[in-house]
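Asker: Submitted below is the structure of interest, expressed as structure tokens.
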2 protein chains.
Amino acid sequence: MVYSLTDKDKEGLNRALKGKGLRPTKQRTSVYEVILRKKDHPTADEVLVRVRRELPTISLATVYNCLETLVECGLVRQVNFDRAPTRFCPNLTPHAHFKCSRTGEIFDLPMDPNTVEHLKTILPKGFLAENFDLSFVGSTNLSQ
Amino acid sequence: MVYSLTDKDKEGLNRALKGKGLRPTKQRTSVYEVILRKKDHPTADEVLVRVRRELPTISLATVYNCLETLVECGLVRQVNFDRAPTRFCPNLTPHAHFKCSRTGEIFDLPMDPNTVEHLKTILPKGFLAENFDLSFVGSTNLSQ
DNA sequence: TTTATAATTAGAATAATTCTATTTACATTT
DNA sequence: AAATGTAAATAGAATTATTCTAATTATAAA
């Protein structure tokens, strides 16, 4: 094994899975590992490539299954942009996403609790949000 | 013609298209008409069905072309939810979307300018947003 | 250890979107 | 008004993204 989860992350995964009555199989562990290791926003295809370095025979269907499980457990989030495949994100802190239309790069933008609270004020009575996805598209000028 | 655009909407369409050097063909007009008429959030497939009542031979590819053009002209917006086909929205006022996970229904949630300004404060220096997409998923209890 | 269940697998199936090559419509120039 | 050039529409194929299916394997519990 080239990579491996920290004890803390491993434990977090085990606890979250157990909470749903699910098992920490090597596929799930490996997918989680890959998602945590490089904190970018891979598509399912990209996850497949990375996981295959550890588990050369894993299929795309299993990667989808594992990612779906991780999302259900609240360990991974899905990120959507217009007409683009789903991307997956291990950052569980409140944040938005920004895609640079020039480079395609995706950035996490942290949101303070105050902003999150402010956001929720737009929910009318009777609307209970389980989660939200806030994505910006624009251009970056990071040269300064 | 059963339906038709108001003069105001027609003019808005013409002006927006002309601004991009494009022509108001009957397909574009009809797609726009359908999108404006029923203010829900149809997928491209649903738009096809509706437009075919007017233009029975129009193809899905043309519907995609027209929708893309309308998006580029700023007359229609795309709405994304996890693992779901793109939906299209004619509401150009600042708002978010809420999808009820029970019924699948999608609601527009208006955002006041103050909230929009607040949102933009999370953009770091050098990040210029052209647009954003804010989507909530949760449950509604509209029985009260 | 048997048994029951959950998970994985490959590959097929489906759904969503884009591409291609041809035809048609439009606007402009003659 | 006819010819010309370009934009748009078209059908259908191709591609991409995702889900489903049925068979096999792994795991946990009895």
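In the structure tokens, each chain is lettered A, B, ... as it comes, each chain's residues begin at 1, and ligands are numbered from 1 in order of appearance.
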For Gln78 (chain B), work out the shell of residues within 12 Å, counting only C-alpha atoms (C1' of nucleotides) and skipping chain neighbours fewer than 3 positions away, then give it as a ChimeraX atom specification.

Answerer: /A:80-84 /B:35,41-44,64,67-72,74-75,81,85-92,96-97,131-135

Asker: Give me a file of those residues, with N, CA and C atoms, as a CSV table (one decimal), in the first residue's frame.

Answerer:
```csv
chain,number,residue,atom,x,y,z
A,80,ASN,N,-21.7,20.4,-8.6
A,80,ASN,CA,-22.3,20.5,-9.9
A,80,ASN,C,-22.0,21.8,-10.6
A,81,PHE,N,-21.6,21.6,-11.9
A,81,PHE,CA,-21.5,22.8,-12.8
A,81,PHE,C,-22.3,22.5,-14.0
A,82,ASP,N,-22.6,23.6,-14.7
A,82,ASP,CA,-23.4,23.4,-15.9
A,82,ASP,C,-22.9,22.4,-16.9
A,83,ARG,N,-23.7,21.5,-17.3
A,83,ARG,CA,-23.4,20.5,-18.4
A,83,ARG,C,-22.0,19.8,-18.2
A,84,ALA,N,-21.7,19.6,-16.9
A,84,ALA,CA,-20.5,18.9,-16.6
A,84,ALA,C,-20.7,17.7,-15.7
B,35,ILE,N,-40.5,28.3,-22.7
B,35,ILE,CA,-39.8,28.5,-21.4
B,35,ILE,C,-40.5,29.6,-20.6
B,41,HIS,N,-39.3,24.4,-14.3
B,41,HIS,CA,-37.9,24.2,-14.6
B,41,HIS,C,-37.7,22.9,-15.4
B,42,PRO,N,-38.1,23.0,-16.7
B,42,PRO,CA,-38.1,21.8,-17.5
B,42,PRO,C,-36.7,21.4,-17.9
B,43,THR,N,-36.6,20.1,-18.2
B,43,THR,CA,-35.3,19.6,-18.8
B,43,THR,C,-35.5,19.8,-20.3
B,44,ALA,N,-34.4,19.6,-21.0
B,44,ALA,CA,-34.4,19.7,-22.5
B,44,ALA,C,-35.4,18.8,-23.1
B,64,TYR,N,-31.6,21.7,-27.8
B,64,TYR,CA,-30.3,22.0,-27.1
B,64,TYR,C,-29.7,23.2,-27.6
B,67,LEU,N,-31.6,26.3,-26.5
B,67,LEU,CA,-31.5,26.6,-25.1
B,67,LEU,C,-30.1,27.2,-24.8
B,68,GLU,N,-29.1,26.6,-25.5
B,68,GLU,CA,-27.8,27.1,-25.3
B,68,GLU,C,-27.6,28.6,-25.7
B,69,THR,N,-28.2,28.9,-26.8
B,69,THR,CA,-28.2,30.2,-27.3
B,69,THR,C,-28.9,31.2,-26.3
B,70,LEU,N,-30.1,30.7,-25.8
B,70,LEU,CA,-30.8,31.6,-24.9
B,70,LEU,C,-30.0,31.8,-23.6
B,71,VAL,N,-29.3,30.8,-23.2
B,71,VAL,CA,-28.4,30.9,-22.0
B,71,VAL,C,-27.3,31.9,-22.3
B,72,GLU,N,-26.7,31.8,-23.5
B,72,GLU,CA,-25.6,32.7,-23.8
B,72,GLU,C,-26.1,34.1,-23.9
B,74,GLY,N,-28.3,35.3,-22.0
B,74,GLY,CA,-28.7,35.8,-20.7
B,74,GLY,C,-30.2,35.8,-20.5
B,75,LEU,N,-31.0,35.0,-21.3
B,75,LEU,CA,-32.4,35.0,-21.2
B,75,LEU,C,-32.9,33.9,-20.4
B,81,PHE,N,-28.9,20.0,-10.2
B,81,PHE,CA,-29.0,19.3,-9.0
B,81,PHE,C,-28.2,18.0,-9.2
B,85,PRO,N,-30.5,15.7,-14.8
B,85,PRO,CA,-30.3,16.4,-16.1
B,85,PRO,C,-30.5,17.9,-15.8
B,86,THR,N,-29.8,18.7,-16.6
B,86,THR,CA,-29.9,20.1,-16.5
B,86,THR,C,-31.3,20.6,-16.7
B,87,ARG,N,-31.7,21.6,-15.9
B,87,ARG,CA,-33.0,22.2,-16.0
B,87,ARG,C,-32.9,23.6,-16.4
B,88,PHE,N,-33.9,24.2,-17.0
B,88,PHE,CA,-33.8,25.5,-17.5
B,88,PHE,C,-34.8,26.4,-16.9
B,89,CYS,N,-34.4,27.7,-16.6
B,89,CYS,CA,-35.2,28.6,-15.8
B,89,CYS,C,-35.3,30.0,-16.4
B,90,PRO,N,-36.4,30.5,-16.6
B,90,PRO,CA,-36.5,31.8,-17.2
B,90,PRO,C,-36.6,33.0,-16.2
B,91,ASN,N,-36.5,32.7,-15.0
B,91,ASN,CA,-36.5,33.7,-13.9
B,91,ASN,C,-35.1,34.3,-13.8
B,92,LEU,N,-35.1,35.6,-14.3
B,92,LEU,CA,-33.8,36.3,-14.3
B,92,LEU,C,-33.6,37.1,-13.0
B,96,ALA,N,-32.6,31.7,-5.6
B,96,ALA,CA,-32.0,30.3,-5.5
B,96,ALA,C,-33.0,29.3,-5.9
B,97,HIS,N,-32.6,28.0,-5.8
B,97,HIS,CA,-33.6,27.0,-6.1
B,97,HIS,C,-33.6,26.0,-4.9
B,131,ASN,N,-21.6,34.5,-12.7
B,131,ASN,CA,-22.9,34.1,-12.3
B,131,ASN,C,-22.7,33.1,-11.2
B,132,PHE,N,-23.8,32.8,-10.5
B,132,PHE,CA,-23.8,31.7,-9.5
B,132,PHE,C,-25.0,30.9,-9.5
B,133,ASP,N,-25.0,29.8,-8.9
B,133,ASP,CA,-26.1,28.9,-8.8
B,133,ASP,C,-26.2,28.3,-7.4
B,134,LEU,N,-27.2,28.7,-6.8
B,134,LEU,CA,-27.4,28.3,-5.4
B,134,LEU,C,-28.6,27.3,-5.3
B,135,SER,N,-28.4,26.1,-4.9
B,135,SER,CA,-29.5,25.1,-4.9
B,135,SER,C,-29.5,24.4,-3.5
```

Asker: Residues of chain D within 12 Å of chain A: nearest atom pair and distance (Å, one decimal) for each, counting only C-alpha atoms (C1' of nucleotides), sorted by chain and number, as JSON lines?

Answerer:
```
{"residue": "D:DT16", "atom": "C1'", "partner": "A:Pro85", "partner_atom": "CA", "distance": 8.8}
{"residue": "D:DA17", "atom": "C1'", "partner": "A:Pro85", "partner_atom": "CA", "distance": 6.7}
{"residue": "D:DT18", "atom": "C1'", "partner": "A:Tyr64", "partner_atom": "CA", "distance": 8.5}
{"residue": "D:DT19", "atom": "C1'", "partner": "A:Ala61", "partner_atom": "CA", "distance": 8.5}
{"residue": "D:DC20", "atom": "C1'", "partner": "A:Ala61", "partner_atom": "CA", "distance": 10.0}
{"residue": "D:DA26", "atom": "C1'", "partner": "A:Thr25", "partner_atom": "CA", "distance": 9.2}
{"residue": "D:DT27", "atom": "C1'", "partner": "A:Arg23", "partner_atom": "CA", "distance": 8.6}
{"residue": "D:DA28", "atom": "C1'", "partner": "A:Arg23", "partner_atom": "CA", "distance": 9.8}
```

Asker: Deliver the residues from the most recent selection as a file, using N, CA and C atoms (P, O5', C5', C4', C3', O3' and C1' of nucleotides), as a compact mmCIF listing (two decimals), in the first residue's frame.

Answerer:
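Result saved to again.txt:
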```
# COMPACT_ATOMS: atom_id res chain seq x y z
P DT D 16 -16.09 10.90 -25.44
O5' DT D 16 -17.09 11.18 -24.22
C5' DT D 16 -17.82 12.38 -24.20
C4' DT D 16 -18.80 12.31 -23.06
C3' DT D 16 -18.21 11.77 -21.76
O3' DT D 16 -18.49 12.77 -20.80
C1' DT D 16 -20.23 10.67 -22.26
P DA D 17 -18.08 12.61 -19.28
O5' DA D 17 -19.44 12.07 -18.65
C5' DA D 17 -20.59 12.90 -18.66
C4' DA D 17 -21.67 12.18 -17.90
C3' DA D 17 -21.21 11.62 -16.56
O3' DA D 17 -22.07 12.18 -15.57
C1' DA D 17 -22.33 9.95 -17.84
P DT D 18 -21.99 11.74 -14.05
O5' DT D 18 -22.95 10.47 -14.09
C5' DT D 18 -24.31 10.68 -14.45
C4' DT D 18 -25.01 9.34 -14.45
C3' DT D 18 -24.90 8.58 -13.14
O3' DT D 18 -26.21 8.64 -12.57
C1' DT D 18 -24.74 7.15 -15.03
P DT D 19 -26.58 7.80 -11.29
O5' DT D 19 -27.18 6.48 -11.95
C5' DT D 19 -28.28 6.60 -12.84
C4' DT D 19 -28.70 5.21 -13.25
C3' DT D 19 -29.00 4.28 -12.08
O3' DT D 19 -30.30 3.78 -12.36
C1' DT D 19 -27.54 3.23 -13.65
P DC D 20 -31.01 2.74 -11.40
O5' DC D 20 -30.87 1.37 -12.19
C5' DC D 20 -31.27 1.33 -13.56
C4' DC D 20 -30.96 -0.06 -14.11
C3' DC D 20 -31.35 -1.19 -13.19
O3' DC D 20 -32.13 -2.09 -13.98
C1' DC D 20 -29.08 -1.41 -13.85
P DA D 26 -13.50 -13.20 -2.78
O5' DA D 26 -14.19 -12.39 -1.60
C5' DA D 26 -14.33 -10.99 -1.74
C4' DA D 26 -15.14 -10.50 -0.57
C3' DA D 26 -14.56 -10.88 0.78
O3' DA D 26 -14.52 -9.68 1.52
C1' DA D 26 -16.84 -11.50 0.67
P DT D 27 -13.73 -9.65 2.91
O5' DT D 27 -14.94 -9.61 3.93
C5' DT D 27 -15.92 -8.57 3.77
C4' DT D 27 -17.10 -8.90 4.64
C3' DT D 27 -16.74 -9.26 6.07
O3' DT D 27 -17.20 -8.19 6.88
C1' DT D 27 -18.42 -10.69 5.18
P DA D 28 -16.93 -8.21 8.45
O5' DA D 28 -18.34 -8.77 8.98
C5' DA D 28 -19.52 -8.12 8.54
C4' DA D 28 -20.69 -8.81 9.21
C3' DA D 28 -20.49 -9.09 10.68
O3' DA D 28 -21.70 -8.76 11.33
C1' DA D 28 -20.91 -11.12 9.54
```

Asker: Least-squares superpose chain A onto chain B - every C-alpha atom, paired in order - and show me the moved coordinates as a short mmCIF file (atom, residue, chain, number, x, y, z; two decimals) with C-alpha atoms, in the first residue's frame.

Answerer:
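Printed below is out07.cif as written:
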```cif
data_model
loop_
_atom_site.label_atom_id
_atom_site.label_comp_id
_atom_site.auth_asym_id
_atom_site.auth_seq_id
_atom_site.Cartn_x
_atom_site.Cartn_y
_atom_site.Cartn_z
CA MET A 1 -50.29 29.53 -33.22
CA VAL A 2 -51.80 28.67 -29.92
CA TYR A 3 -49.38 30.53 -27.72
CA SER A 4 -47.45 33.63 -28.37
CA LEU A 5 -44.94 35.87 -26.72
CA THR A 6 -45.99 39.26 -25.49
CA ASP A 7 -44.62 42.12 -27.56
CA LYS A 8 -42.35 42.97 -24.68
CA ASP A 9 -40.87 39.47 -24.43
CA LYS A 10 -40.60 39.21 -28.19
CA GLU A 11 -38.72 42.47 -28.28
CA GLY A 12 -36.48 41.39 -25.43
CA LEU A 13 -35.61 38.22 -27.31
CA ASN A 14 -34.94 40.10 -30.56
CA ARG A 15 -32.74 42.64 -28.87
CA ALA A 16 -30.76 40.01 -26.94
CA LEU A 17 -30.20 37.91 -30.05
CA LYS A 18 -29.23 40.91 -32.16
CA GLY A 19 -26.74 41.86 -29.47
CA LYS A 20 -24.94 38.62 -30.21
CA GLY A 21 -25.43 38.88 -33.97
CA LEU A 22 -28.00 36.07 -33.96
CA ARG A 23 -31.39 35.75 -35.61
CA PRO A 24 -34.80 35.20 -34.07
CA THR A 25 -35.68 32.01 -35.89
CA LYS A 26 -39.02 30.34 -35.28
CA GLN A 27 -37.30 27.56 -33.35
CA ARG A 28 -35.57 29.97 -30.97
CA THR A 29 -38.74 31.97 -30.57
CA SER A 30 -40.79 28.89 -29.88
CA VAL A 31 -38.34 27.48 -27.34
CA TYR A 32 -38.27 30.83 -25.58
CA GLU A 33 -42.06 30.98 -25.65
CA VAL A 34 -42.37 27.58 -24.05
CA ILE A 35 -39.85 28.42 -21.36
CA LEU A 36 -41.59 31.67 -20.52
CA ARG A 37 -45.14 30.35 -20.65
CA LYS A 38 -44.95 27.82 -17.86
CA LYS A 39 -42.59 29.06 -15.23
CA ASP A 40 -41.34 25.71 -14.04
CA HIS A 41 -37.93 24.14 -14.58
CA PRO A 42 -38.13 21.79 -17.55
CA THR A 43 -35.36 19.56 -18.81
CA ALA A 44 -34.38 19.69 -22.48
CA ASP A 45 -36.58 16.65 -23.06
CA GLU A 46 -39.58 18.34 -21.53
CA VAL A 47 -38.96 21.44 -23.62
CA LEU A 48 -38.87 19.23 -26.70
CA VAL A 49 -42.31 17.81 -25.91
CA ARG A 50 -43.79 21.24 -25.38
CA VAL A 51 -42.21 22.84 -28.42
CA ARG A 52 -43.36 20.01 -30.65
CA ARG A 53 -46.94 21.07 -30.09
CA GLU A 54 -45.98 24.14 -32.15
CA LEU A 55 -43.18 22.74 -34.33
CA PRO A 56 -43.81 19.01 -34.63
CA THR A 57 -40.58 18.25 -36.45
CA ILE A 58 -38.10 20.04 -34.21
CA SER A 59 -35.28 17.80 -32.99
CA LEU A 60 -33.76 17.46 -29.55
CA ALA A 61 -30.45 18.70 -30.93
CA THR A 62 -32.10 21.91 -32.05
CA VAL A 63 -33.76 22.32 -28.68
CA TYR A 64 -30.33 22.00 -27.07
CA ASN A 65 -28.93 24.52 -29.56
CA CYS A 66 -31.73 26.98 -28.87
CA LEU A 67 -31.49 26.61 -25.11
CA GLU A 68 -27.75 27.09 -25.26
CA THR A 69 -28.23 30.23 -27.31
CA LEU A 70 -30.81 31.57 -24.87
CA VAL A 71 -28.44 30.88 -21.99
CA GLU A 72 -25.62 32.69 -23.80
CA CYS A 73 -27.93 35.64 -24.36
CA GLY A 74 -28.74 35.72 -20.67
CA LEU A 75 -32.43 35.03 -21.18
CA VAL A 76 -32.50 31.62 -19.56
CA ARG A 77 -30.55 30.08 -16.73
CA GLN A 78 -29.41 26.54 -16.10
CA VAL A 79 -30.21 24.80 -12.86
CA ASN A 80 -28.20 21.86 -11.56
CA PHE A 81 -29.04 19.24 -9.02
CA ASP A 82 -27.04 16.18 -8.05
CA ARG A 83 -27.00 13.46 -10.72
CA ALA A 84 -29.91 15.02 -12.54
CA PRO A 85 -30.28 16.40 -16.06
CA THR A 86 -29.90 20.12 -16.54
CA ARG A 87 -33.04 22.14 -16.04
CA PHE A 88 -33.81 25.52 -17.52
CA CYS A 89 -35.25 28.54 -15.80
CA PRO A 90 -36.56 31.81 -17.25
CA ASN A 91 -36.55 33.69 -13.95
CA LEU A 92 -33.82 36.29 -14.31
CA THR A 93 -34.35 37.96 -10.96
CA PRO A 94 -31.85 36.98 -8.26
CA HIS A 95 -33.05 33.76 -6.74
CA ALA A 96 -31.99 30.35 -5.50
CA HIS A 97 -33.58 26.95 -6.08
CA PHE A 98 -35.01 24.49 -3.64
CA LYS A 99 -35.76 20.90 -4.51
CA CYS A 100 -38.07 18.95 -2.29
CA SER A 101 -36.52 15.52 -1.88
CA ARG A 102 -39.94 14.01 -1.27
CA THR A 103 -41.84 15.33 -4.26
CA GLY A 104 -39.02 16.39 -6.59
CA GLU A 105 -40.71 19.76 -6.98
CA ILE A 106 -38.43 22.74 -7.58
CA PHE A 107 -39.16 26.16 -6.12
CA ASP A 108 -37.67 29.55 -6.84
CA LEU A 109 -36.56 31.36 -3.70
CA PRO A 110 -36.14 35.09 -4.26
CA MET A 111 -32.98 36.69 -2.92
CA ASP A 112 -32.89 40.33 -1.96
CA PRO A 113 -29.95 42.45 -3.21
CA ASN A 114 -28.57 42.57 0.29
CA THR A 115 -28.23 38.80 0.40
CA VAL A 116 -26.64 38.73 -3.03
CA GLU A 117 -24.11 41.32 -1.90
CA HIS A 118 -23.42 39.32 1.22
CA LEU A 119 -22.79 36.24 -0.90
CA LYS A 120 -20.24 38.02 -3.00
CA THR A 121 -18.20 38.84 0.07
CA ILE A 122 -16.92 35.28 0.08
CA LEU A 123 -15.09 35.87 -3.20
CA PRO A 124 -11.40 36.44 -2.53
CA LYS A 125 -9.51 39.19 -4.28
CA GLY A 126 -8.88 38.26 -7.89
CA PHE A 127 -12.09 36.23 -8.23
CA LEU A 128 -14.66 37.81 -10.51
CA ALA A 129 -17.97 35.96 -10.63
CA GLU A 130 -20.05 36.07 -13.80
CA ASN A 131 -22.87 34.09 -12.26
CA PHE A 132 -23.76 31.74 -9.48
CA ASP A 133 -26.08 28.85 -8.85
CA LEU A 134 -27.42 28.28 -5.37
CA SER A 135 -29.46 25.13 -4.87
CA PHE A 136 -30.94 23.72 -1.72
CA VAL A 137 -32.24 20.20 -1.27
CA GLY A 138 -34.54 19.42 1.60
CA SER A 139 -38.10 18.84 2.58
CA THR A 140 -41.09 21.09 2.48
CA ASN A 141 -43.98 21.14 4.84
CA LEU A 142 -46.41 23.46 3.17
CA SER A 143 -49.45 22.19 4.98
CA GLN A 144 -49.66 25.03 7.50
#
```

Asker: When DSSP works through the backbone of this structure, what residues of region 11-140 of chain B end up as strand (DSSP E or B), shown as a ChimeraX atom specification?

Answerer: /B:43,77-79,87-89,95-100,106-110,127-140

Asker: Separation of C1' of DA13 (chain D) and C1' of DA12 (chain C), in Å?

Answerer: 19.2 Å

Asker: For C1' of DT21 (chain D) and C1' of DA7 (chain C), quote the distance in Å rounded to one decimal.

Answerer: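 Here the two named atoms are 14.4 Å from each other.
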
Asker: Using only C-alpha atoms (C1' of nucleotides), find which residues of chain C lie within 9 Å of chain B and jot them down as a list in words.

Answerer: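 Result, ordered by chain then number: DA15, DA16, DT17, DT18 and DC26 of chain C.
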
Asker: Let's have the selection written as a PDB file, in the first residue's frame, with C-alpha atoms (C1' of nucleotides).

Answerer:
```
ATOM      1  C1'  DA C  15     -29.982   8.699 -20.231  1.00  0.00           C
ATOM      2  C1'  DA C  16     -27.882  13.008 -21.313  1.00  0.00           C
ATOM      3  C1'  DT C  17     -25.448  15.621 -24.296  1.00  0.00           C
ATOM      4  C1'  DT C  18     -22.608  16.672 -28.259  1.00  0.00           C
ATOM      5  C1'  DC C  26     -32.067  33.876 -44.373  1.00  0.00           C
TER       6       DC C  26
END
```

Asker: Please provide the set of residues having any atom within 10 Å of DT29 (chain C), restricted to only C-alpha atoms (C1' of nucleotides), with same-chain residues fewer than 4 positions apart removed, written as a VMD selection string.

Answerer: chain D and resid 3 to 5

Asker: Just asking: which residues within chain A are helix (DSSP H, G or I) according to DSSP, as a PyMOL selection string?

Answerer: chain A and resi 7-19+26-37+44-52+60-72+113-120

Asker: Take the residues that were just selected and, keeping C-alpha atoms, output them as a short mmCIF file (atom, residue, chain, number, x, y, z; two decimals), in the first residue's frame.

Answerer:
```
data_model
loop_
_atom_site.label_atom_id
_atom_site.label_comp_id
_atom_site.auth_asym_id
_atom_site.auth_seq_id
_atom_site.Cartn_x
_atom_site.Cartn_y
_atom_site.Cartn_z
CA ASP A 7 -6.00 6.65 11.94
CA LYS A 8 -8.34 9.55 12.49
CA ASP A 9 -9.76 9.46 8.96
CA LYS A 10 -9.95 5.69 9.03
CA GLU A 11 -11.89 5.85 12.25
CA GLY A 12 -14.16 8.56 10.89
CA LEU A 13 -14.94 6.38 7.89
CA ASN A 14 -15.59 3.30 10.03
CA ARG A 15 -17.86 5.17 12.37
CA ALA A 16 -19.83 6.82 9.55
CA LEU A 17 -20.30 3.52 7.73
CA LYS A 18 -21.28 1.67 10.89
CA GLY A 19 -23.84 4.38 11.56
CA LYS A 26 -11.25 -2.19 0.80
CA GLN A 27 -12.96 -0.54 -2.17
CA ARG A 28 -14.76 2.00 -0.01
CA THR A 29 -11.64 2.64 2.00
CA SER A 30 -9.55 3.09 -1.10
CA VAL A 31 -12.01 5.45 -2.76
CA TYR A 32 -12.18 7.50 0.41
CA GLU A 33 -8.39 7.51 0.63
CA VAL A 34 -8.04 8.81 -2.89
CA ILE A 35 -10.63 11.52 -2.34
CA LEU A 36 -8.96 12.68 0.85
CA ARG A 37 -5.39 12.50 -0.39
CA ALA A 44 -15.92 9.52 -11.02
CA ASP A 45 -13.65 8.71 -13.96
CA GLU A 46 -10.71 10.45 -12.37
CA VAL A 47 -11.35 8.63 -9.10
CA LEU A 48 -11.35 5.36 -11.03
CA VAL A 49 -7.90 6.09 -12.46
CA ARG A 50 -6.49 6.95 -9.06
CA VAL A 51 -8.04 4.03 -7.22
CA ARG A 52 -6.80 1.58 -9.83
CA LEU A 60 -16.37 2.27 -12.62
CA ALA A 61 -19.69 0.94 -11.32
CA THR A 62 -18.07 0.15 -7.99
CA VAL A 63 -16.48 3.57 -7.86
CA TYR A 64 -19.93 5.09 -8.37
CA ASN A 65 -21.33 2.80 -5.67
CA CYS A 66 -18.59 3.76 -3.23
CA LEU A 67 -18.88 7.46 -3.94
CA GLU A 68 -22.63 7.29 -3.51
CA THR A 69 -22.17 5.53 -0.19
CA LEU A 70 -19.66 8.13 0.97
CA VAL A 71 -22.07 10.89 -0.02
CA GLU A 72 -24.88 9.20 1.90
CA PRO A 113 -21.09 30.65 9.85
CA ASN A 114 -22.53 34.12 9.64
CA THR A 115 -22.81 33.89 5.87
CA VAL A 116 -24.34 30.44 6.08
CA GLU A 117 -26.93 31.75 8.51
CA HIS A 118 -27.64 34.66 6.24
CA LEU A 119 -28.18 32.26 3.35
CA LYS A 120 -30.72 30.28 5.26
#
```

Asker: Do you have the C1' of DA11 (chain D)-C1' of DT24 (chain C) distance handy?

Answerer: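 We find that C1' of DA11 (chain D) and C1' of DT24 (chain C) lie 13.3 Å from each other.
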
Asker: Extract, using only C-alpha atoms (C1' of nucleotides), all DNA, RNA and protein residues at most 12 Å from DT25 (chain D), discarding same-chain residues fewer than 5 positions from it, and format them as a PyMOL selection string.

Answerer: chain C and resi 6-9
